[in-house]
Structures are given as C-alpha cells and as structure tokens.
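Colleague: So here's structure_22.cif, just mmCIF, C-alpha atoms and all ligand atoms:
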```cif
data_upload
loop_
_atom_site.label_atom_id
_atom_site.label_comp_id
_atom_site.auth_asym_id
_atom_site.auth_seq_id
_atom_site.Cartn_x
_atom_site.Cartn_y
_atom_site.Cartn_z
CA SER A 1 0.00 0.00 0.00
CA LYS A 2 1.06 3.56 -0.61
CA GLY A 3 0.33 4.49 2.99
CA GLY A 4 -1.59 7.61 2.06
CA TYR A 5 1.00 8.89 -0.42
CA PRO A 6 0.03 9.41 -4.08
CA HIS A 7 3.00 7.34 -5.27
CA PHE A 8 5.31 4.67 -3.91
CA MET A 9 8.28 6.86 -4.74
CA LEU A 10 7.15 9.67 -2.43
CA LYS A 11 6.39 7.13 0.29
CA GLU A 12 9.84 5.58 -0.12
CA ILE A 13 11.58 8.97 -0.01
CA HIS A 14 9.83 9.63 3.29
CA GLU A 15 10.70 6.15 4.58
CA GLN A 16 14.40 6.94 4.48
CA PRO A 17 14.76 7.95 8.14
CA ARG A 18 13.17 4.63 9.17
CA ALA A 19 15.19 2.63 6.64
CA LEU A 20 18.42 4.18 7.93
CA VAL A 21 17.59 3.38 11.57
CA ASP A 22 16.82 -0.23 10.67
CA THR A 23 20.00 -0.58 8.62
CA LEU A 24 22.06 0.92 11.41
CA TYR A 25 20.47 -1.39 13.95
CA GLY A 26 21.04 -4.40 11.70
CA LEU A 27 24.72 -3.54 11.33
CA SER A 28 25.34 -3.08 15.03
CA SER A 29 24.40 -6.69 15.74
CA ASP A 30 25.79 -8.34 12.61
CA PRO A 31 29.13 -10.19 12.79
CA THR A 32 29.15 -10.42 8.97
CA LEU A 33 30.48 -6.87 8.73
CA ARG A 34 33.65 -7.92 10.55
CA GLU A 35 33.94 -11.04 8.39
CA ALA A 36 33.68 -8.91 5.26
CA SER A 37 36.40 -6.60 6.62
CA LYS A 38 38.61 -9.63 7.20
CA ILE A 39 38.14 -10.81 3.63
CA MET A 40 39.09 -7.32 2.45
CA ALA A 41 42.08 -7.15 4.78
CA GLU A 42 43.42 -10.44 3.42
CA ALA A 43 42.84 -9.44 -0.18
CA ARG A 44 45.52 -8.11 -2.48
CA ARG A 45 43.12 -5.84 -4.34
CA VAL A 46 39.56 -4.64 -3.85
CA PHE A 47 37.13 -4.19 -6.75
CA ILE A 48 33.56 -2.95 -6.39
CA THR A 49 30.89 -3.25 -9.05
CA ALA A 50 27.20 -2.42 -9.62
CA ALA A 51 24.78 -0.79 -12.05
CA GLY A 52 22.85 2.50 -11.93
CA THR A 53 22.19 3.87 -8.47
CA SER A 54 24.05 1.01 -6.79
CA TYR A 55 27.08 2.04 -8.84
CA HIS A 56 26.87 5.54 -7.37
CA ALA A 57 26.88 4.01 -3.87
CA SER A 58 29.95 2.00 -4.94
CA LEU A 59 31.71 5.22 -5.96
CA HIS A 60 31.00 6.63 -2.51
CA PHE A 61 32.64 3.53 -1.03
CA ALA A 62 35.75 3.96 -3.18
CA VAL A 63 36.16 7.64 -2.23
CA ALA A 64 35.63 6.91 1.48
CA LEU A 65 38.04 3.95 1.43
CA SER A 66 40.76 6.10 -0.06
CA LYS A 67 40.21 9.02 2.32
CA ILE A 68 39.71 7.02 5.52
CA ALA A 69 41.67 3.79 5.06
CA GLY A 70 44.25 5.05 2.55
CA VAL A 71 43.47 2.13 0.27
CA LEU A 72 42.55 2.15 -3.37
CA ALA A 73 39.49 0.21 -4.56
CA THR A 74 38.66 -0.11 -8.24
CA PRO A 75 35.01 0.69 -8.95
CA PHE A 76 33.55 -0.30 -12.30
CA VAL A 77 30.16 -0.45 -14.00
CA ALA A 78 29.08 -4.10 -13.94
CA SER A 79 28.41 -4.40 -17.67
CA GLU A 80 32.05 -3.35 -18.27
CA TYR A 81 33.52 -6.25 -16.28
CA GLU A 82 35.16 -7.79 -19.30
CA ALA A 83 37.76 -4.99 -19.41
CA TYR A 84 38.87 -5.75 -15.82
CA LEU A 85 38.80 -9.53 -15.98
CA PRO A 86 42.28 -10.17 -17.44
CA VAL A 87 43.98 -8.82 -14.28
CA VAL A 88 41.82 -10.72 -11.77
CA ARG A 89 43.49 -13.48 -9.76
CA GLU A 90 43.11 -15.47 -6.59
CA GLY A 91 43.61 -13.11 -3.66
CA ASP A 92 41.40 -10.40 -5.14
CA VAL A 93 37.99 -9.49 -3.76
CA LEU A 94 34.93 -8.17 -5.56
CA ILE A 95 32.15 -6.36 -3.73
CA ALA A 96 28.95 -6.68 -5.79
CA VAL A 97 26.30 -4.11 -4.85
CA SER A 98 22.73 -4.74 -5.96
CA GLN A 99 19.51 -3.61 -4.31
CA SER A 100 17.52 -6.44 -5.90
CA GLY A 101 20.38 -8.93 -5.92
CA GLU A 102 19.12 -10.06 -9.31
CA THR A 103 20.61 -7.59 -11.80
CA MET A 104 22.03 -9.71 -14.62
CA ASP A 105 24.96 -7.39 -15.42
CA THR A 106 26.13 -7.48 -11.80
CA LEU A 107 25.54 -11.22 -11.47
CA LYS A 108 27.58 -11.89 -14.61
CA ALA A 109 30.46 -9.75 -13.37
CA ALA A 110 30.38 -11.55 -10.00
CA ARG A 111 30.38 -14.99 -11.64
CA ALA A 112 33.25 -14.12 -13.94
CA PHE A 113 35.38 -12.79 -11.07
CA LYS A 114 34.61 -15.83 -8.97
CA GLU A 115 35.65 -18.13 -11.77
CA ARG A 116 39.04 -16.41 -11.81
CA GLY A 117 39.47 -17.02 -8.07
CA ALA A 118 38.26 -13.75 -6.55
CA LYS A 119 36.29 -13.77 -3.29
CA LEU A 120 32.82 -12.22 -3.42
CA ILE A 121 31.10 -9.91 -0.95
CA ALA A 122 27.47 -9.10 -1.79
CA VAL A 123 25.64 -5.98 -0.63
CA SER A 124 21.91 -6.28 -1.20
CA ASN A 125 18.47 -5.36 0.07
CA VAL A 126 16.87 -8.72 -0.71
CA VAL A 127 17.80 -11.66 1.49
CA ASP A 128 18.86 -14.77 -0.42
CA SER A 129 18.55 -13.20 -3.86
CA ALA A 130 20.83 -14.50 -6.62
CA ILE A 131 23.94 -12.38 -5.98
CA PRO A 132 24.07 -12.96 -2.20
CA ARG A 133 23.50 -16.69 -2.81
CA GLU A 134 26.52 -16.92 -5.08
CA SER A 135 28.76 -14.85 -2.81
CA ASP A 136 31.12 -15.85 0.00
CA ILE A 137 29.39 -13.42 2.30
CA ALA A 138 26.37 -11.12 2.15
CA LEU A 139 25.66 -7.79 3.85
CA TYR A 140 22.11 -6.49 3.87
CA THR A 141 20.56 -3.06 3.93
CA ARG A 142 17.24 -3.03 5.74
CA ALA A 143 15.37 -0.57 3.58
CA GLY A 144 12.33 -2.83 3.16
CA PRO A 145 10.74 -3.52 -0.23
CA GLU A 146 11.26 -0.75 -2.78
CA ILE A 147 8.41 -0.66 -5.28
CA GLY A 148 9.13 2.55 -7.20
CA VAL A 149 11.38 1.89 -10.18
CA ALA A 150 13.67 4.72 -9.08
CA ALA A 151 15.98 3.72 -6.25
CA THR A 152 15.65 6.08 -3.27
CA LYS A 153 15.85 4.56 0.22
CA THR A 154 18.08 1.78 -1.04
CA PHE A 155 20.71 4.33 -2.12
CA THR A 156 20.97 6.13 1.20
CA THR A 157 21.02 2.84 3.13
CA GLN A 158 23.67 1.37 0.79
CA THR A 159 25.95 4.36 1.38
CA LEU A 160 25.44 4.01 5.14
CA LEU A 161 26.30 0.31 5.09
CA LEU A 162 29.31 0.80 2.82
CA SER A 163 30.59 3.66 5.02
CA PHE A 164 30.53 1.29 8.00
CA LEU A 165 32.37 -1.33 5.99
CA VAL A 166 35.08 1.25 5.28
CA LEU A 167 35.32 2.16 8.97
CA ASP A 168 35.41 -1.42 10.21
CA TYR A 169 38.08 -2.30 7.66
CA ALA A 170 40.14 0.81 8.49
CA LEU A 171 40.03 -0.07 12.19
CA LEU A 172 40.99 -3.69 11.53
CA ARG A 173 43.94 -2.60 9.39
CA GLY A 174 45.06 -0.05 11.96
CA ALA A 175 44.51 2.84 9.56
CA ILE A 176 42.42 4.63 12.21
CA LEU A 177 42.38 4.56 16.01
CA LYS A 178 39.40 3.32 18.00
CA SER A 179 38.73 6.91 19.07
CA GLU A 180 38.62 8.01 15.41
CA TYR A 181 36.34 5.11 14.58
CA ASP A 182 33.99 6.16 17.37
CA GLU A 183 33.91 9.70 16.08
CA TYR A 184 33.04 8.65 12.52
CA ALA A 185 30.48 6.16 13.83
CA ARG A 186 28.86 8.89 15.88
CA GLU A 187 28.45 11.00 12.75
CA LEU A 188 26.96 8.07 10.83
CA SER A 189 24.57 7.22 13.64
CA ARG A 190 22.89 10.60 13.03
CA ALA A 191 21.91 9.41 9.53
CA SER A 192 18.21 9.01 10.21
CA ASP A 193 17.85 12.40 11.84
CA LEU A 194 19.88 14.04 9.05
CA ALA A 195 17.71 12.49 6.34
CA ALA A 196 14.52 13.53 8.16
CA LYS A 197 15.70 17.14 8.34
CA SER A 198 16.89 17.19 4.77
CA ILE A 199 13.50 15.95 3.54
CA ALA A 200 11.51 18.35 5.72
CA TRP A 201 13.60 21.37 4.75
CA SER A 202 13.52 20.77 1.00
CA GLU A 203 10.06 19.49 0.12
CA GLY A 204 8.37 22.88 -0.25
CA LEU A 205 11.19 24.33 -2.33
CA ALA A 206 11.38 21.22 -4.53
CA LYS A 207 7.69 21.64 -5.36
CA LYS A 208 8.23 25.28 -6.27
CA VAL A 209 11.39 24.75 -8.32
CA SER A 210 9.76 21.96 -10.31
CA GLU A 211 7.48 24.55 -11.90
CA MET A 212 10.45 26.20 -13.57
CA LEU A 213 12.42 23.02 -14.12
CA ARG A 214 9.66 21.31 -16.09
CA LEU A 215 10.31 23.77 -18.95
CA LYS A 216 14.00 22.85 -19.24
CA GLN A 217 15.43 20.31 -21.62
CA SER A 218 18.92 19.91 -20.31
CA MET A 219 20.90 20.50 -17.12
CA TYR A 220 24.14 19.75 -15.26
CA TYR A 221 24.78 18.28 -11.79
CA LEU A 222 28.26 19.21 -10.65
CA SER A 223 30.41 18.49 -7.63
CA ARG A 224 33.85 17.29 -6.66
CA GLY A 225 35.34 14.40 -4.72
CA VAL A 226 33.05 13.14 -1.98
CA GLY A 227 30.07 14.99 -3.49
CA LEU A 228 30.37 13.57 -6.98
CA PRO A 229 28.62 10.19 -6.50
CA THR A 230 25.68 12.09 -4.99
CA ALA A 231 25.58 14.56 -7.89
CA MET A 232 25.57 11.60 -10.30
CA GLU A 233 22.63 10.12 -8.42
CA GLY A 234 20.77 13.45 -8.69
CA ALA A 235 21.26 13.50 -12.45
CA LEU A 236 20.06 9.91 -12.82
CA LYS A 237 16.84 10.70 -10.90
CA ILE A 238 15.86 13.69 -13.04
CA LYS A 239 16.65 11.74 -16.22
CA GLU A 240 14.68 8.65 -15.23
CA LEU A 241 11.64 10.42 -13.84
CA ALA A 242 11.26 13.82 -15.49
CA TYR A 243 12.93 12.88 -18.79
CA ILE A 244 15.20 15.92 -18.66
CA HIS A 245 18.62 15.40 -20.16
CA ALA A 246 21.05 15.68 -17.26
CA GLU A 247 24.76 15.23 -17.17
CA SER A 248 26.91 14.90 -14.08
CA TYR A 249 30.66 15.35 -14.12
CA PRO A 250 33.44 16.70 -11.87
CA ALA A 251 33.01 20.48 -11.71
CA GLY A 252 36.64 21.06 -12.71
CA GLU A 253 35.88 19.56 -16.13
CA SER A 254 33.48 22.36 -17.15
CA LYS A 255 36.10 24.43 -18.91
CA HIS A 256 37.29 21.38 -20.83
CA GLY A 257 34.14 21.26 -22.93
CA PRO A 258 30.72 21.09 -21.23
CA ILE A 259 30.54 24.85 -20.51
CA ALA A 260 30.03 25.40 -24.25
CA LEU A 261 26.37 24.44 -23.75
CA VAL A 262 25.68 26.93 -20.99
CA GLU A 263 23.53 29.93 -21.86
CA GLU A 264 21.04 32.19 -20.07
CA GLY A 265 18.83 30.13 -17.75
CA PHE A 266 20.67 26.79 -18.16
CA PRO A 267 20.13 24.94 -14.84
CA VAL A 268 23.22 23.81 -12.99
CA VAL A 269 22.90 21.99 -9.68
CA PHE A 270 25.96 22.25 -7.43
CA VAL A 271 26.32 19.58 -4.74
CA VAL A 272 28.54 21.12 -2.07
CA PRO A 273 29.90 18.78 0.64
CA ARG A 274 30.65 20.32 4.02
CA ASP A 275 34.35 20.91 3.77
CA VAL A 276 36.31 24.15 3.40
CA TYR A 277 38.40 22.69 0.58
CA TYR A 278 35.32 21.88 -1.52
CA GLU A 279 33.74 25.24 -0.81
CA LYS A 280 36.86 26.96 -2.03
CA VAL A 281 37.31 25.03 -5.25
CA LEU A 282 33.60 24.99 -6.10
CA LEU A 283 33.33 28.78 -5.72
CA GLY A 284 35.39 29.25 -8.90
CA ASN A 285 33.25 26.68 -10.76
CA ILE A 286 30.03 28.39 -9.68
CA GLN A 287 31.33 31.77 -10.80
CA GLU A 288 32.36 30.54 -14.22
CA MET A 289 28.83 29.14 -14.71
CA LYS A 290 27.18 32.33 -13.44
CA ALA A 291 29.24 34.41 -15.87
CA ARG A 292 27.48 32.53 -18.71
CA GLY A 293 24.03 33.14 -17.25
CA ALA A 294 23.51 29.69 -15.69
CA TRP A 295 20.67 29.24 -13.21
CA ILE A 296 22.50 28.06 -10.10
CA ILE A 297 20.76 25.60 -7.79
CA GLY A 298 22.83 24.86 -4.69
CA VAL A 299 22.46 21.79 -2.50
CA ALA A 300 24.65 22.67 0.45
CA PRO A 301 24.95 22.70 4.24
CA GLU A 302 22.94 25.45 5.94
CA ASP A 303 26.15 27.13 7.15
CA THR A 304 27.96 27.11 3.80
CA SER A 305 29.96 30.17 2.80
CA LEU A 306 28.52 29.83 -0.73
CA GLY A 307 24.87 30.62 0.09
CA GLU A 308 24.89 33.99 -1.66
CA GLN A 309 26.15 32.45 -4.88
CA PHE A 310 23.01 30.40 -5.41
CA ASP A 311 19.87 31.49 -7.25
CA LEU A 312 18.09 28.72 -5.34
CA PHE A 313 19.42 27.17 -2.17
CA PHE A 314 18.44 23.74 -0.89
CA ARG A 315 19.65 23.87 2.71
CA VAL A 316 20.69 20.55 4.20
CA PRO A 317 21.85 19.87 7.75
CA SER A 318 25.48 20.54 8.44
CA SER A 319 27.31 17.26 9.04
CA HIS A 320 30.45 15.28 8.31
CA TRP A 321 31.42 14.83 4.63
CA LEU A 322 30.99 11.05 5.02
CA THR A 323 27.21 11.57 5.27
CA THR A 324 26.97 13.67 2.07
CA PRO A 325 24.84 11.06 0.20
CA ILE A 326 22.39 10.99 3.12
CA THR A 327 22.02 14.74 3.53
CA HIS A 328 22.25 15.89 -0.09
CA THR A 329 20.32 13.22 -2.03
CA PRO A 330 16.77 13.78 -0.66
CA PRO A 331 16.31 17.29 -2.16
CA MET A 332 17.28 15.94 -5.57
CA GLN A 333 14.95 12.94 -5.21
CA LEU A 334 12.11 15.31 -4.37
CA LEU A 335 13.00 17.63 -7.25
CA ALA A 336 12.82 14.71 -9.68
CA TYR A 337 9.58 13.45 -8.14
CA TYR A 338 7.72 16.77 -8.29
CA THR A 339 8.99 17.63 -11.77
CA SER A 340 7.86 14.23 -13.00
CA THR A 341 4.36 14.47 -11.58
CA LEU A 342 3.97 18.08 -12.74
CA LYS A 343 4.78 16.96 -16.29
CA GLY A 344 2.07 14.32 -15.95
CA TYR A 345 4.35 11.28 -15.78
CA ASP A 346 4.09 8.30 -13.46
CA PRO A 347 7.22 8.38 -11.28
CA ASP A 348 6.61 4.82 -10.09
CA LYS A 349 6.79 3.46 -13.63
CA PRO A 350 9.08 5.54 -15.84
CA ARG A 351 8.95 4.64 -19.53
CA ASN A 352 11.37 2.03 -20.92
CA LEU A 353 12.54 0.98 -17.45
CA ALA A 354 12.08 -2.11 -15.30
CA LYS A 355 12.67 -2.31 -11.55
CA THR A 356 15.02 -5.22 -11.97
CA VAL A 357 16.98 -5.73 -15.16
CA THR A 358 17.40 -9.47 -15.54
CA VAL A 359 18.75 -9.39 -19.08
CA GLU A 360 22.25 -8.43 -20.22
O1 LIG A 401 18.85 -3.84 -8.13
P1 LIG A 401 20.08 -3.13 -8.52
O2 LIG A 401 20.62 -2.24 -7.45
O3 LIG A 401 21.16 -4.08 -9.01
O4 LIG A 401 19.68 -2.21 -9.74
C1 LIG A 401 20.64 -1.49 -10.44
C2 LIG A 401 20.00 -0.51 -11.38
O5 LIG A 401 19.24 -1.15 -12.35
C3 LIG A 401 19.12 0.49 -10.64
O6 LIG A 401 19.83 1.18 -9.64
C4 LIG A 401 18.54 1.54 -11.60
O7 LIG A 401 19.54 2.36 -12.12
C5 LIG A 401 17.45 2.34 -10.90
N1 LIG A 401 16.32 2.52 -11.77
C6 LIG A 401 17.95 3.70 -10.45
O8 LIG A 401 16.95 4.52 -9.96
#
```
Once you've parsed the file, please lay out its structure as structure tokens.
Modeller:
Amino acid sequence: SKGGYPHFMLKEIHEQPRALVDTLYGLSSDPTLREASKIMAEARRVFITAAGTSYHASLHFAVALSKIAGVLATPFVASEYEAYLPVVREGDVLIAVSQSGETMDTLKAARAFKERGAKLIAVSNVVDSAIPRESDIALYTRAGPEIGVAATKTFTTQTLLLSFLVLDYALLRGAILKSEYDEYARELSRASDLAAKSIAWSEGLAKKVSEMLRLKQSMYYLSRGVGLPTAMEGALKIKELAYIHAESYPAGESKHGPIALVEEGFPVVFVVPRDVYYEKVLLGNIQEMKARGAWIIGVAPEDTSLGEQFDLFFRVPSSHWLTTPITHTPPMQLLAYYTSTLKGYDPDKPRNLAKTVTVE
C-alpha cells in the first residue's frame, strides 16, 4: 500500500529515516560486517561493481576507502567487467552491490570474477537473492521492499552500510584509532535524523522549483570528490523520472568542454559537501557558470559560505562529509519526483525501465 501517499516513490523517499535506523540497527548486531572486513584485509586488491544507483553508492565507497583507510578500490560499471577480468586473480575481492540482488549485469560480473578465483562480498536489500546466494558473504541493507522503479531509500542505506564497511576495515587494518572510529560512527549514527531534516527542509522548495524546471530540456549536476557520486545520483533521478537530459561530471571539467552548452537560464545543480576545501574550489566553478548566465541551484549545508552564490538554495543539515549522500540526495529525489508528476508522468513506472533488469 502507498500508505496515504500518491505514489510509492514519495512514500519511499519519506521512509528513508526509518530505513536508515533499521539498517544501522542491523549492522550493530551483525558479525558479517567484521567477516567482510577480514576478507578485504586479506585481499591483495579490492574491486567494487554495480549498475545504476548502486554504482553511485559504490563510488561513494571507493572515495571513502581512499580518504579514511588510505586504500585504493577499483570501482567499475558491472556491464564493463570484461575490461577488468584479465587482471583478476586469486587473492582479489569483488564487492557486488545490488539492491535487488538479481541484476544480470552485476551477477555476470560476479560470476566471472569468482571463476578467476576472486572472493565475493554481496551488498543487497533482498535476502537470499541471486547475488548474495553466489557470494562468500552477504551484507544487507534493511530498507524494506522498494516498489518505485527509481531507487531512493536503497541508495541512502547502501551508502550508510558501505561507510561502516570502510570504517570497520580501516580499524581492523590499523589505519584509524578506535577513538577516530567512534567519532566517525557517531556522525553516521545521526543518519536518520539528518535524512529527516533534509526531507523536511527541502520538500516545499522542490515543489516550487519543479514549476520552472519542467520547462528545461537539459541540465548539469556538478560536484567534486566526496560529493560527486551524490551529484551523479541526482542527475540519474531527473533523467529517469522527469525525462530531462542531465549530465553529471566533476566540476573542474566544465572548462574542458561542457561549458560550451551553458547559456542564459541553463540549470546547474551544485552539490557542495561540508568541507572548506570543496567550498573553495567549487566557488570558482560556480562563478564561471554564473558568468554565462547559468541558473545556479545549490544543495549545500545550511552554514555554507557559498549561500549567496546560489539562485536557489536547498539547505541541508550541516554534518560530516561522510554523510553527504544521506544529507544531499533527498532534495534531488524530491525535485525529480515533483517535476515528474507536474509533467504528468508516473514516477513509479518511468517509460522504458524495469525495476530489476534481468537481461544483459
Ligand atoms: O537492483 P540493482 O541495485 O542491481 O539495480 C541497479 C540498477 O538497475 C538500478 O539502480 C537503476 O539504475 C534504478 N532505476 C535507479 O533509480
């Protein structure tokens, strides 16, 4: 049932605080997280693969692993596995991330890696689905069933789970102290509250902005570093649901080509993580877009120094950069939802898409 909401998607956006609490609770009592860390610690190399939204969560994992544990993971889009296969050997590990656990591209990549001797860690939302069944170990988000074709609560819960995997692994390897672990964990344990605030603060504005956005044909979603996977997820939502052409790329790339498209009124969403470094480098990117007349939509912490730069400002709660997907994604989910419904589309069943893609 839609629980009083007009669409499953809106219901599932609003379920995120609950889904995050449940996932957090599940992790706190699950020895599998430690076992997965051990497999990673014994591995020579770490690969992570997925499709669509789950791929964006995988990118978050790779950035967090590098910044917190000082270890490089290789993320790749599941359907591209063939290009990575020649280097895979025993002693490698592949983390396969799939909400449904049934995505054929991800399953094929997992099988091929396994055949070459890699260990498999599955991250899924569906207990005993195909990918977890074929893996050495399975970690589960507890988002509950997701009916809307667009992934929402499964993305934020995946990033929460994968962040904890990074922390547990970093602690096991001695890359961080127990006191540092506790500090990160404290930030992550605010996830539910952060998501609830982010949703409450942005819903009204998302509704309003959709009235202007529905007239646009094309837009950019820009960020850097820890904000980029979240910007990519924002672009995917507006594409899938509102059928607006949206491109996401690292903001520093603008001057290497994409800025040629920018003219008066061209919408550019900037995802700004809470971090002085990102605020500083993104300021220049915002200004170069403004100079060409771009319509600047900021998704940024309430206390950002960039507030005055934005034509529209989605305020999100101020928190650690590790929680960027949890704080910054909800406004973009809502923006896609309201633009879709305003244009008369069904956000639960976007054209040409299936919830689970079981063909290659
Ligand atoms: O079930 P999975 O996580 O393996 O699905 C992967 C993609 O098909 C999925 O995320 C897709 O991109 C969604 N429609 C995104 O909203």
Colleague: Which one of A:Tyr25, A:Phe47, A:Tyr55, A:Phe310 sits closest to ligand LIG 401 (chain A) if you count all atoms listed in the file?
Modeller: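 That would be A:Tyr55, the residue with the smallest distance to ligand LIG 401 (chain A).
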Colleague: Kindly indicate which residue among A:Ala50, A:Ser129, A:Val357, A:Ser135 lies nearest to A:Thr106, using only C-alpha atoms for the distances.
Modeller: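 Closest to A:Thr106 of all the choices is A:Ala50.
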Colleague: Using all atoms listed in the file, determine which residues fall within 6 Å of ligand LIG 401 (chain A), then list them as a CSV table (one decimal) with C-alpha atoms, keeping the file's coordinate frame.
Modeller:
```
chain,number,residue,atom,x,y,z
A,51,ALA,CA,24.8,-0.8,-12.0
A,52,GLY,CA,22.8,2.5,-11.9
A,53,THR,CA,22.2,3.9,-8.5
A,54,SER,CA,24.0,1.0,-6.8
A,98,SER,CA,22.7,-4.7,-6.0
A,99,GLN,CA,19.5,-3.6,-4.3
A,100,SER,CA,17.5,-6.4,-5.9
A,101,GLY,CA,20.4,-8.9,-5.9
A,103,THR,CA,20.6,-7.6,-11.8
A,149,VAL,CA,11.4,1.9,-10.2
A,150,ALA,CA,13.7,4.7,-9.1
A,151,ALA,CA,16.0,3.7,-6.2
A,356,THR,CA,15.0,-5.2,-12.0
A,357,VAL,CA,17.0,-5.7,-15.2
```
Colleague: When you draw a straight line from atom CA of A:Leu188 to atom CA of A:Thr49, how long is it in Å?
Modeller: 23.2 Å
Colleague: Choose the residue, out of A:Val269, A:Leu334, A:Ile137, A:Ala110, that has the smallest atom-to-atom separation from A:Tyr81; count all atoms listed in the file.
Modeller: A:Ala110
Colleague: Using only C-alpha atoms, pick whichever of A:Ser28, A:Lys108, A:Lys11, A:Leu20 has the shortest atom-to-atom distance to A:Glu80.
Modeller: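 Of all the options, A:Lys108 lies closest to A:Glu80.
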Colleague: When you count only C-alpha atoms, which of these residues is closest to A:Arg224: A:Thr141, A:Thr154, A:Ser189, A:Thr324?
Modeller: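 Going through A:Thr141, A:Thr154, A:Ser189, A:Thr324 one by one, the smallest distance to A:Arg224 is for A:Thr324.
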Colleague: Closest to A:Leu85 among A:Gly70, A:Gly117, A:Pro250, A:Pro258, using all atoms listed in the file?
Modeller: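 Counting all atoms listed in the file, the residue closest to A:Leu85 is A:Gly117.
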Colleague: Rounded to one decimal in Å, what is the spacing between atom CA of A:Gly204 and atom CA of A:Ile13?
Modeller: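 Atom-to-atom, atom CA of A:Gly204 and atom CA of A:Ile13 are spaced 14.3 Å apart.
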Colleague: List the spatial neighbours of A:Pro267 as a ChimeraX atom specification - criterion: any atom at most 12 Å away, all atoms listed in the file, same-chain residues fewer than 3 positions off excluded.
Modeller: /A:209-210,212-222,235,244-247,259,261-264,270,286,289-290,292-298,310-312
Colleague: Considering all atoms listed in the file, give me a table of residues in stretch 186-235 of chain A that are at most 9 Å from stretch 275-279 of chain A, with the closest atom pair and distance in Å for each, as CSV.
Modeller:
```
residue,atom,partner,partner_atom,distance
A:Ser223,CA,A:Tyr278,CA,8.5
A:Arg224,CA,A:Tyr278,CA,7.0
A:Gly225,CA,A:Tyr278,CA,8.1
A:Gly227,CA,A:Tyr278,CA,8.9
```
Colleague: How many Å separate atom CA of A:Phe155 from atom CA of A:Pro325?
Modeller: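 For atom CA of A:Phe155 relative to atom CA of A:Pro325, the distance reads 8.2 Å.
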Colleague: Give me, as an NGL selection string, all polymer residues having an atom no more than 12 Å from A:Gly3, counting all atoms listed in the file and skipping those fewer than 6 positions away in the same chain.
Modeller: :A and (9-12 or 14-15)
Colleague: Scan for residues within 10 Å of the point (24.5, -11.6, -2.8) in the coordinates of the file, using all atoms listed in the file, and reply as a PyMOL selection string.
Modeller: chain A and resi 95-102+107+110+120-140
Colleague: Could you list, as a ChimeraX atom specification, every residue within 7 Å of A:Glu302, counting all atoms listed in the file and ignoring same-chain residues fewer than 2 positions away?
Modeller: /A:300,304,315-318
Colleague: Within 6 Å of A:Met104, counting all atoms listed in the file, which residues show up once you throw out same-chain ones fewer than 6 positions away? Write them as a list of chain:residue names, please.
Modeller: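 My list of contacting residues is A:Thr358, A:Val359, A:Glu360.
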Colleague: Tell me, as a list in words, which residues lie within 9 Å of A:Ala64, counting all atoms listed in the file; anything in the same chain fewer than 4 positions away does not count.
Modeller: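 Near neighbours after the sequence-gap exclusion: Leu59, His60, Ile68, Ala69, Gly70, Leu162, Ser163, Val166, Leu167, Val226 and Leu322 of chain A.
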